[in-house]
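S.K.: So that you have it, the file is run-v7.cif, and it contains mmCIF, C-alpha atoms:
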data_start
#
loop_
_atom_site.group_PDB
_atom_site.id
_atom_site.type_symbol
_atom_site.label_atom_id
_atom_site.label_comp_id
_atom_site.auth_asym_id
_atom_site.auth_seq_id
_atom_site.Cartn_x
_atom_site.Cartn_y
_atom_site.Cartn_z
ATOM 1 C CA MET G 1402 58.618 59.489 -113.448
ATOM 2 C CA ALA G 1403 60.266 61.328 -116.348
ATOM 3 C CA PRO G 1404 60.855 59.363 -119.591
ATOM 4 C CA SER G 1405 64.630 59.856 -119.272
ATOM 5 C CA GLN G 1406 64.545 58.263 -115.809
ATOM 6 C CA ILE G 1407 62.643 55.258 -117.141
ATOM 7 C CA GLU G 1408 65.182 54.922 -119.956
ATOM 8 C CA ALA G 1409 68.068 55.082 -117.466
ATOM 9 C CA TYR G 1410 66.378 52.418 -115.338
ATOM 10 C CA LEU G 1411 65.924 50.081 -118.327
ATOM 11 C CA VAL G 1412 69.542 50.449 -119.465
ATOM 12 C CA ASN G 1413 70.758 49.789 -115.940
ATOM 13 C CA ARG G 1414 68.445 46.772 -115.556
ATOM 14 C CA LEU G 1415 69.759 45.255 -118.773
ATOM 15 C CA GLY G 1416 73.359 46.113 -117.961
ATOM 16 C CA THR G 1417 73.299 44.478 -114.531
ATOM 17 C CA SER G 1418 71.084 41.449 -115.234
ATOM 18 C CA CYS G 1419 72.726 38.019 -115.099
ATOM 19 C CA ARG G 1420 70.358 36.733 -117.796
ATOM 20 C CA ARG G 1421 68.822 37.969 -121.017
ATOM 21 C CA LEU G 1422 65.566 39.896 -120.639
ATOM 22 C CA THR G 1423 62.500 40.167 -122.851
ATOM 23 C CA PHE G 1424 60.271 43.201 -123.163
ATOM 24 C CA ILE G 1425 57.770 41.524 -120.816
ATOM 25 C CA ASP G 1426 60.549 40.961 -118.273
ATOM 26 C CA LEU G 1427 61.332 44.675 -118.394
ATOM 27 C CA VAL G 1428 57.680 45.654 -118.016
ATOM 28 C CA ARG G 1429 57.335 43.466 -114.921
ATOM 29 C CA ALA G 1430 60.565 44.789 -113.403
ATOM 30 C CA ALA G 1431 59.704 48.428 -114.118
ATOM 31 C CA ARG G 1432 56.202 48.048 -112.692
ATOM 32 C CA ARG G 1433 57.658 46.535 -109.505
ATOM 33 C CA ASP G 1434 60.694 48.807 -109.068
ATOM 34 C CA ILE G 1435 59.623 52.215 -110.341
ATOM 35 C CA ALA G 1436 55.827 51.942 -110.794
ATOM 36 C CA ALA G 1437 56.062 52.499 -114.571
ATOM 37 C CA ASP G 1438 53.203 51.138 -116.657
ATOM 38 C CA ARG G 1439 53.502 49.085 -119.857
ATOM 39 C CA GLN G 1440 52.988 52.056 -122.189
ATOM 40 C CA ALA G 1441 55.670 54.112 -120.450
ATOM 41 C CA VAL G 1442 58.112 51.201 -120.764
ATOM 42 C CA ALA G 1443 57.169 50.698 -124.413
ATOM 43 C CA ASP G 1444 57.776 54.375 -125.158
ATOM 44 C CA ALA G 1445 61.144 54.281 -123.368
ATOM 45 C CA VAL G 1446 62.217 51.123 -125.186
ATOM 46 C CA GLY G 1447 61.188 52.706 -128.490
ATOM 47 C CA ASN G 1448 63.314 55.775 -127.780
ATOM 48 C CA LEU G 1449 66.308 53.638 -126.791
ATOM 49 C CA LEU G 1450 65.973 51.493 -129.914
ATOM 50 C CA ALA G 1451 65.677 54.564 -132.139
ATOM 51 C CA GLY G 1452 68.727 56.135 -130.512
ATOM 52 C CA GLY G 1453 70.816 52.992 -130.920
ATOM 53 C CA SER G 1454 71.209 52.329 -127.192
ATOM 54 C CA LEU G 1455 69.303 49.025 -127.339
ATOM 55 C CA VAL G 1456 68.949 46.260 -129.920
ATOM 56 C CA TYR G 1457 66.655 43.275 -130.351
ATOM 57 C CA VAL G 1458 68.350 39.856 -130.369
ATOM 58 C CA GLN G 1459 66.676 36.653 -131.558
ATOM 59 C CA GLN G 1460 67.587 33.340 -129.940
ATOM 60 C CA LEU G 1461 65.774 30.016 -130.212
ATOM 61 C CA GLY G 1462 62.555 31.663 -131.280
ATOM 62 C CA ARG G 1463 62.574 34.235 -128.471
ATOM 63 C CA THR G 1464 63.258 37.965 -128.703
ATOM 64 C CA PHE G 1465 65.435 39.674 -126.136
ATOM 65 C CA LEU G 1466 66.513 43.261 -125.582
ATOM 66 C CA GLU G 1467 70.205 43.988 -125.080
ATOM 67 C CA ILE G 1468 72.426 47.035 -124.745
ATOM 68 C CA SER G 1469 73.975 48.000 -128.068
ATOM 69 C CA TYR G 1470 77.707 48.526 -128.185
ATOM 70 C CA LEU G 1471 77.645 49.627 -131.817
ATOM 71 C CA HIS G 1472 76.902 53.288 -131.128
ATOM 72 C CA GLY G 1473 78.281 55.989 -128.873
ATOM 73 C CA ARG G 1474 76.260 57.628 -126.145
ATOM 74 C CA ASN G 1475 76.556 60.820 -124.131
ATOM 75 C CA ILE G 1476 77.212 60.236 -120.438
ATOM 76 C CA SER G 1477 77.736 63.756 -119.091
ATOM 77 C CA THR G 1478 77.973 67.336 -120.321
ATOM 78 C CA ARG G 1479 81.343 66.735 -121.982
ATOM 79 C CA ILE G 1480 81.919 62.954 -122.008
ATOM 80 C CA SER G 1481 80.726 60.513 -124.659
ATOM 81 C CA LEU G 1482 81.429 56.784 -124.569
ATOM 82 C CA ILE G 1483 82.153 55.311 -127.982
ATOM 83 C CA PRO G 1484 82.931 51.680 -128.878
ATOM 84 C CA GLU G 1485 86.320 51.239 -130.513
ATOM 85 C CA THR G 1486 84.852 50.537 -133.944
ATOM 86 C CA ALA G 1487 82.014 53.119 -133.893
ATOM 87 C CA GLN G 1488 81.882 56.462 -135.669
ATOM 88 C CA PRO G 1489 82.199 59.690 -133.608
ATOM 89 C CA LEU G 1490 78.948 61.221 -132.433
ATOM 90 C CA PRO G 1491 77.644 64.257 -134.386
ATOM 91 C CA ASP G 1492 78.521 66.697 -131.589
ATOM 92 C CA GLN G 1493 82.037 65.300 -131.097
ATOM 93 C CA GLY G 1494 84.724 67.972 -130.862
ATOM 94 C CA LYS G 1495 82.293 70.727 -129.796
ATOM 95 C CA GLY G 1496 83.589 70.845 -126.251
ATOM 96 C CA ARG G 1497 82.904 67.108 -125.897
ATOM 97 C CA VAL G 1498 85.471 64.317 -125.635
ATOM 98 C CA GLY G 1499 84.926 60.841 -127.039
ATOM 99 C CA LEU G 1500 86.154 58.095 -124.727
ATOM 100 C CA ARG G 1501 86.662 54.922 -126.729
ATOM 101 C CA LEU G 1502 86.245 51.495 -125.149
ATOM 102 C CA SER G 1503 87.273 48.108 -126.500
ATOM 103 C CA VAL G 1504 84.320 46.090 -127.758
ATOM 104 C CA GLY G 1505 82.961 43.860 -125.027
ATOM 105 C CA ALA G 1506 84.441 45.852 -122.159
ATOM 106 C CA SER G 1507 83.551 43.983 -118.989
ATOM 107 C CA PHE G 1508 84.988 46.150 -116.209
ATOM 108 C CA GLY G 1509 82.819 49.258 -116.247
ATOM 109 C CA ALA G 1510 81.482 50.270 -119.647
ATOM 110 C CA GLY G 1511 79.358 53.150 -118.366
ATOM 111 C CA ASP G 1512 76.155 51.138 -118.071
ATOM 112 C CA HIS G 1513 75.941 51.127 -114.278
ATOM 113 C CA PRO G 1514 74.843 54.232 -112.342
ATOM 114 C CA THR G 1515 78.021 54.150 -110.234
ATOM 115 C CA THR G 1516 80.183 54.581 -113.340
ATOM 116 C CA ARG G 1517 77.969 57.301 -114.808
ATOM 117 C CA LEU G 1518 77.873 59.213 -111.530
ATOM 118 C CA ALA G 1519 81.658 59.069 -111.192
ATOM 119 C CA LEU G 1520 82.121 60.285 -114.781
ATOM 120 C CA GLN G 1521 79.719 63.152 -114.171
ATOM 121 C CA ALA G 1522 81.662 64.125 -111.047
ATOM 122 C CA ILE G 1523 84.943 64.095 -112.977
ATOM 123 C CA ASP G 1524 83.350 66.259 -115.663
ATOM 124 C CA GLU G 1525 82.137 68.796 -113.074
ATOM 125 C CA ILE G 1526 85.485 68.952 -111.260
ATOM 126 C CA THR G 1527 87.549 69.443 -114.408
ATOM 127 C CA ALA G 1528 85.085 71.956 -115.869
ATOM 128 C CA ALA G 1529 85.483 74.087 -112.770
ATOM 129 C CA ASP G 1530 89.280 73.776 -113.115
ATOM 130 C CA ALA G 1531 89.304 73.347 -109.353
ATOM 131 C CA LEU G 1532 92.618 71.490 -109.477
ATOM 132 C CA GLY G 1533 94.573 73.833 -111.734
ATOM 133 C CA PHE G 1534 94.860 70.894 -114.128
ATOM 134 C CA ALA G 1535 98.325 69.645 -114.257
ATOM 135 C CA ALA G 1536 96.636 67.071 -112.057
ATOM 136 C CA ARG G 1537 98.024 63.656 -111.269
ATOM 137 C CA VAL G 1538 95.204 61.101 -111.087
ATOM 138 C CA LEU G 1539 94.988 57.891 -109.070
ATOM 139 C CA ASP G 1540 92.240 55.433 -110.026
ATOM 140 C CA VAL G 1541 91.837 52.775 -107.328
ATOM 141 C CA GLY G 1542 90.215 49.605 -108.676
ATOM 142 C CA THR G 1543 90.561 50.945 -112.197
ATOM 143 C CA GLY G 1544 88.708 48.115 -113.971
ATOM 144 C CA SER G 1545 88.392 49.172 -117.612
ATOM 145 C CA GLY G 1546 90.307 52.380 -116.863
ATOM 146 C CA ILE G 1547 87.281 54.404 -117.904
ATOM 147 C CA LEU G 1548 87.442 56.935 -115.051
ATOM 148 C CA ALA G 1549 91.163 57.659 -115.336
ATOM 149 C CA ILE G 1550 90.903 57.926 -119.114
ATOM 150 C CA ALA G 1551 88.040 60.421 -118.809
ATOM 151 C CA ALA G 1552 90.126 62.604 -116.477
ATOM 152 C CA LEU G 1553 93.056 62.514 -118.907
ATOM 153 C CA LEU G 1554 90.883 63.411 -121.891
ATOM 154 C CA LEU G 1555 89.503 66.356 -119.904
ATOM 155 C CA GLY G 1556 92.944 67.741 -119.135
ATOM 156 C CA ALA G 1557 94.682 65.816 -116.357
ATOM 157 C CA ALA G 1558 98.428 65.428 -116.836
ATOM 158 C CA SER G 1559 98.935 61.776 -115.882
ATOM 159 C CA ALA G 1560 97.089 58.842 -114.358
ATOM 160 C CA LEU G 1561 97.933 55.719 -112.400
ATOM 161 C CA GLY G 1562 95.381 52.902 -112.449
ATOM 162 C CA LEU G 1563 95.485 50.244 -109.733
ATOM 163 C CA ASP G 1564 93.808 46.842 -109.841
ATOM 164 C CA ILE G 1565 94.482 43.326 -108.574
ATOM 165 C CA ASP G 1566 92.603 41.541 -111.387
ATOM 166 C CA PRO G 1567 94.943 40.583 -114.272
ATOM 167 C CA SER G 1568 92.050 40.784 -116.753
ATOM 168 C CA ALA G 1569 91.203 44.307 -115.612
ATOM 169 C CA LEU G 1570 94.857 45.346 -115.917
ATOM 170 C CA TRP G 1571 94.936 44.072 -119.490
ATOM 171 C CA GLU G 1572 91.629 45.767 -120.377
ATOM 172 C CA ALA G 1573 92.635 49.121 -118.882
ATOM 173 C CA LYS G 1574 95.909 49.075 -120.832
ATOM 174 C CA GLN G 1575 93.990 48.285 -124.029
ATOM 175 C CA ASN G 1576 91.606 51.174 -123.469
ATOM 176 C CA ALA G 1577 94.465 53.563 -122.704
ATOM 177 C CA ARG G 1578 96.080 52.549 -125.997
ATOM 178 C CA ILE G 1579 92.825 52.934 -127.959
ATOM 179 C CA ASN G 1580 92.549 56.510 -126.648
ATOM 180 C CA GLY G 1581 96.199 57.309 -127.406
ATOM 181 C CA LEU G 1582 96.991 57.697 -123.708
ATOM 182 C CA GLN G 1583 99.462 54.872 -123.161
ATOM 183 C CA ASP G 1584 102.254 57.392 -122.486
ATOM 184 C CA ARG G 1585 100.225 59.269 -119.833
ATOM 185 C CA MET G 1586 98.542 56.350 -118.061
ATOM 186 C CA ARG G 1587 100.211 53.523 -116.168
ATOM 187 C CA VAL G 1588 98.258 50.491 -114.975
ATOM 188 C CA VAL G 1589 99.757 48.404 -112.163
ATOM 189 C CA ASP G 1590 98.871 46.098 -109.270
ATOM 190 C CA THR G 1591 100.923 48.024 -106.686
ATOM 191 C CA PRO G 1592 99.350 48.137 -103.177
ATOM 192 C CA LEU G 1593 98.188 51.570 -102.054
ATOM 193 C CA GLU G 1594 100.486 51.534 -99.053
ATOM 194 C CA ASN G 1595 103.493 51.342 -101.382
ATOM 195 C CA LEU G 1596 102.639 54.619 -103.139
ATOM 196 C CA ASN G 1597 104.280 57.857 -102.074
ATOM 197 C CA PRO G 1598 103.377 60.751 -104.413
ATOM 198 C CA ALA G 1599 100.371 62.926 -103.634
ATOM 199 C CA PHE G 1600 97.582 62.953 -106.215
ATOM 200 C CA GLU G 1601 95.385 65.940 -107.039
ATOM 201 C CA LEU G 1602 92.499 63.668 -108.085
ATOM 202 C CA ILE G 1603 91.762 60.239 -106.618
ATOM 203 C CA LEU G 1604 88.978 58.085 -108.068
ATOM 204 C CA ALA G 1605 87.486 55.159 -106.156
ATOM 205 C CA ASN G 1606 84.443 53.356 -107.560
ATOM 206 C CA LEU G 1607 84.385 50.651 -104.879
ATOM 207 C CA ARG G 1608 81.971 49.081 -102.436
ATOM 208 C CA LEU G 1609 81.577 50.444 -98.920
ATOM 209 C CA PRO G 1610 83.688 47.911 -96.931
ATOM 210 C CA THR G 1611 86.651 48.485 -99.241
ATOM 211 C CA LEU G 1612 86.264 52.266 -99.098
ATOM 212 C CA VAL G 1613 86.177 52.230 -95.298
ATOM 213 C CA ARG G 1614 89.239 49.983 -95.140
ATOM 214 C CA LEU G 1615 91.184 52.171 -97.559
ATOM 215 C CA ALA G 1616 90.116 55.511 -96.057
ATOM 216 C CA PRO G 1617 93.455 56.230 -94.273
ATOM 217 C CA GLN G 1618 95.468 55.505 -97.423
ATOM 218 C CA LEU G 1619 93.162 57.563 -99.630
ATOM 219 C CA SER G 1620 93.543 60.526 -97.285
ATOM 220 C CA ARG G 1621 97.324 60.098 -97.094
ATOM 221 C CA LEU G 1622 97.678 60.116 -100.873
ATOM 222 C CA LEU G 1623 95.367 63.071 -101.550
ATOM 223 C CA ALA G 1624 97.234 66.321 -102.246
ATOM 224 C CA ASP G 1625 96.282 69.483 -100.375
ATOM 225 C CA GLY G 1626 93.467 71.100 -102.348
ATOM 226 C CA GLY G 1627 92.846 67.831 -104.179
ATOM 227 C CA ARG G 1628 89.587 65.955 -104.673
ATOM 228 C CA LEU G 1629 88.525 62.390 -103.920
ATOM 229 C CA VAL G 1630 85.664 61.043 -106.067
ATOM 230 C CA VAL G 1631 83.883 58.125 -104.395
ATOM 231 C CA SER G 1632 81.225 56.024 -106.108
ATOM 232 C CA GLY G 1633 79.859 52.500 -105.664
ATOM 233 C CA LEU G 1634 77.681 53.484 -102.692
ATOM 234 C CA ARG G 1635 74.058 52.836 -101.923
ATOM 235 C CA LEU G 1636 72.233 55.837 -100.465
ATOM 236 C CA SER G 1637 71.727 53.822 -97.282
ATOM 237 C CA GLU G 1638 75.535 53.540 -96.919
ATOM 238 C CA ARG G 1639 76.195 57.267 -97.223
ATOM 239 C CA GLU G 1640 76.344 58.072 -93.507
ATOM 240 C CA THR G 1641 78.753 55.226 -92.771
ATOM 241 C CA LEU G 1642 81.189 56.503 -95.373
ATOM 242 C CA LEU G 1643 80.870 60.094 -94.167
ATOM 243 C CA ARG G 1644 81.860 58.999 -90.659
ATOM 244 C CA ALA G 1645 84.807 56.934 -91.908
ATOM 245 C CA LEU G 1646 86.204 59.747 -94.036
ATOM 246 C CA ALA G 1647 85.603 62.401 -91.377
ATOM 247 C CA VAL G 1648 88.009 60.491 -89.130
ATOM 248 C CA VAL G 1649 90.755 61.020 -91.743
ATOM 249 C CA ARG G 1650 89.812 64.704 -92.225
ATOM 250 C CA LEU G 1651 87.924 64.390 -95.506
ATOM 251 C CA VAL G 1652 84.608 66.224 -95.949
ATOM 252 C CA PRO G 1653 82.050 66.155 -98.783
ATOM 253 C CA VAL G 1654 81.963 69.075 -101.217
ATOM 254 C CA ARG G 1655 79.345 67.761 -103.678
ATOM 255 C CA GLU G 1656 77.265 64.674 -104.381
ATOM 256 C CA ASN G 1657 74.798 63.257 -106.876
ATOM 257 C CA SER G 1658 72.561 60.189 -106.905
ATOM 258 C CA GLU G 1659 70.784 57.932 -109.375
ATOM 259 C CA GLN G 1660 68.560 54.892 -108.847
ATOM 260 C CA GLY G 1661 69.565 54.475 -105.210
ATOM 261 C CA TRP G 1662 73.290 54.898 -105.847
ATOM 262 C CA VAL G 1663 75.338 57.931 -104.827
ATOM 263 C CA ALA G 1664 78.681 59.441 -105.838
ATOM 264 C CA MET G 1665 80.414 61.960 -103.580
ATOM 265 C CA VAL G 1666 83.351 64.321 -103.948
ATOM 266 C CA PHE G 1667 85.535 64.960 -100.903
ATOM 267 C CA GLY G 1668 88.179 67.499 -99.990
ATOM 268 C CA ARG G 1669 90.466 67.841 -96.993
ATOM 269 C CA THR G 1670 89.546 69.913 -93.962
ATOM 270 C CA ALA G 1671 91.931 72.666 -92.838
#
Since I need it in another form, could you write the structure as structure tokens?
M.R.:
Amino acid sequence: MAPSQIEAYLVNRLGTSCRRLTFIDLVRAARRDIAADRQAVADAVGNLLAGGSLVYVQQLGRTFLEISYLHGRNISTRISLIPETAQPLPDQGKGRVGLRLSVGASFGAGDHPTTRLALQAIDEITAADALGFAARVLDVGTGSGILAIAALLLGAASALGLDIDPSALWEAKQNARINGLQDRMRVVDTPLENLNPAFELILANLRLPTLVRLAPQLSRLLADGGRLVVSGLRLSERETLLRALAVVRLVPVRENSEQGWVAMVFGRTA
């Protein structure tokens, strides 16, 4: 396995763990999950520490590794994630946008593969200018607002973020403000069935049962020639989603996977 893949695994393991992890915990997990030996894990941890992605934390005489939110990190070809208080990355402004997140963001801070895959898909779509970008964006289950904000920073005209969690609504509004996008992004708890306008780009980082249930509404709201970005899927769930979206005349146009997760981009059939 390539060093970058081991590093991605370690960041994901730390980002999704419900408890603090030591180096030994990571070695055991990596040996079990991806067959990486101790030296490979040590090298990957060293690279992540040197790059500012991880930090050591001392607590009650024990040393843990945690994700650092003090430094920015590149997520895709043109998207960097930067904590609100951090300095821009050295390559900022050279065709790369810096998406700022409030410190302690809890609803999708780019640490999970599903978020990274969705951001990479947004980057690819906007780079190709496939939507003629005066695009209106709908982000279903917006969480931190990270996906909608990325689309706006890459050229979309406006975005509507939907969520039913009051904390997520507050966090998404904060992140829109931090990025100077409060006039182009609305965040509401309106049900999908109450929306009428068509959207050129719909983003849905949700689990499979929710995606299947919402499939008719997602198709109804997608503009002709528009794109639906779906993430939150395990590879084993791919075929089920394909069948559900085929029923509402949506077909895949590209996909990418990481660590057993997959993100797919759909368009409408003729």
S.K.: Can you list, as a PyMOL selection string, the residues that the PyMOL selection byres ((chain G and resi 1568) around 12) selects here?
M.R.: chain G and resi 1506-1508+1543-1546+1564-1567+1569-1575+1588-1590
S.K.: Pick out the closest residue to Arg1655 of chain G from this set: G:Thr1591, G:Ser1503, G:Ser1477, G:Gln1521. Count all atoms listed in the file.
M.R.: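 Using all atoms listed in the file, Arg1655 of chain G sits closest to G:Gln1521.
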S.K.: Run through the PyMOL selection byres ((chain G and resi 1430) around 12) on the given coordinates and return the selected residues as a PyMOL selection string.
M.R.: chain G and resi 1407+1410-1411+1413-1415+1418+1422-1429+1431-1439+1442
S.K.: Have a look at G:Arg1497, G:Arg1621, G:Arg1578, G:Arg1608 and name the one nearest to Glu1594 of chain G; count only C-alpha atoms.
M.R.: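 Using only C-alpha atoms, Glu1594 of chain G sits closest to G:Arg1621.
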S.K.: Evaluate the PyMOL selection byres ((chain G and resi 1600) around 8) here and jot the selected residues down as number ranges by chain.
M.R.: G: 1536-1539, 1598-1599, 1601-1603, 1622-1624, 1627
S.K.: Tell me which of G:Asn1595, G:Gln1406, G:Gln1583, G:Arg1644 sits closest to Ala1616 of chain G, counting only C-alpha atoms.
M.R.: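 For Ala1616 of chain G, the nearest of the candidates is G:Arg1644.
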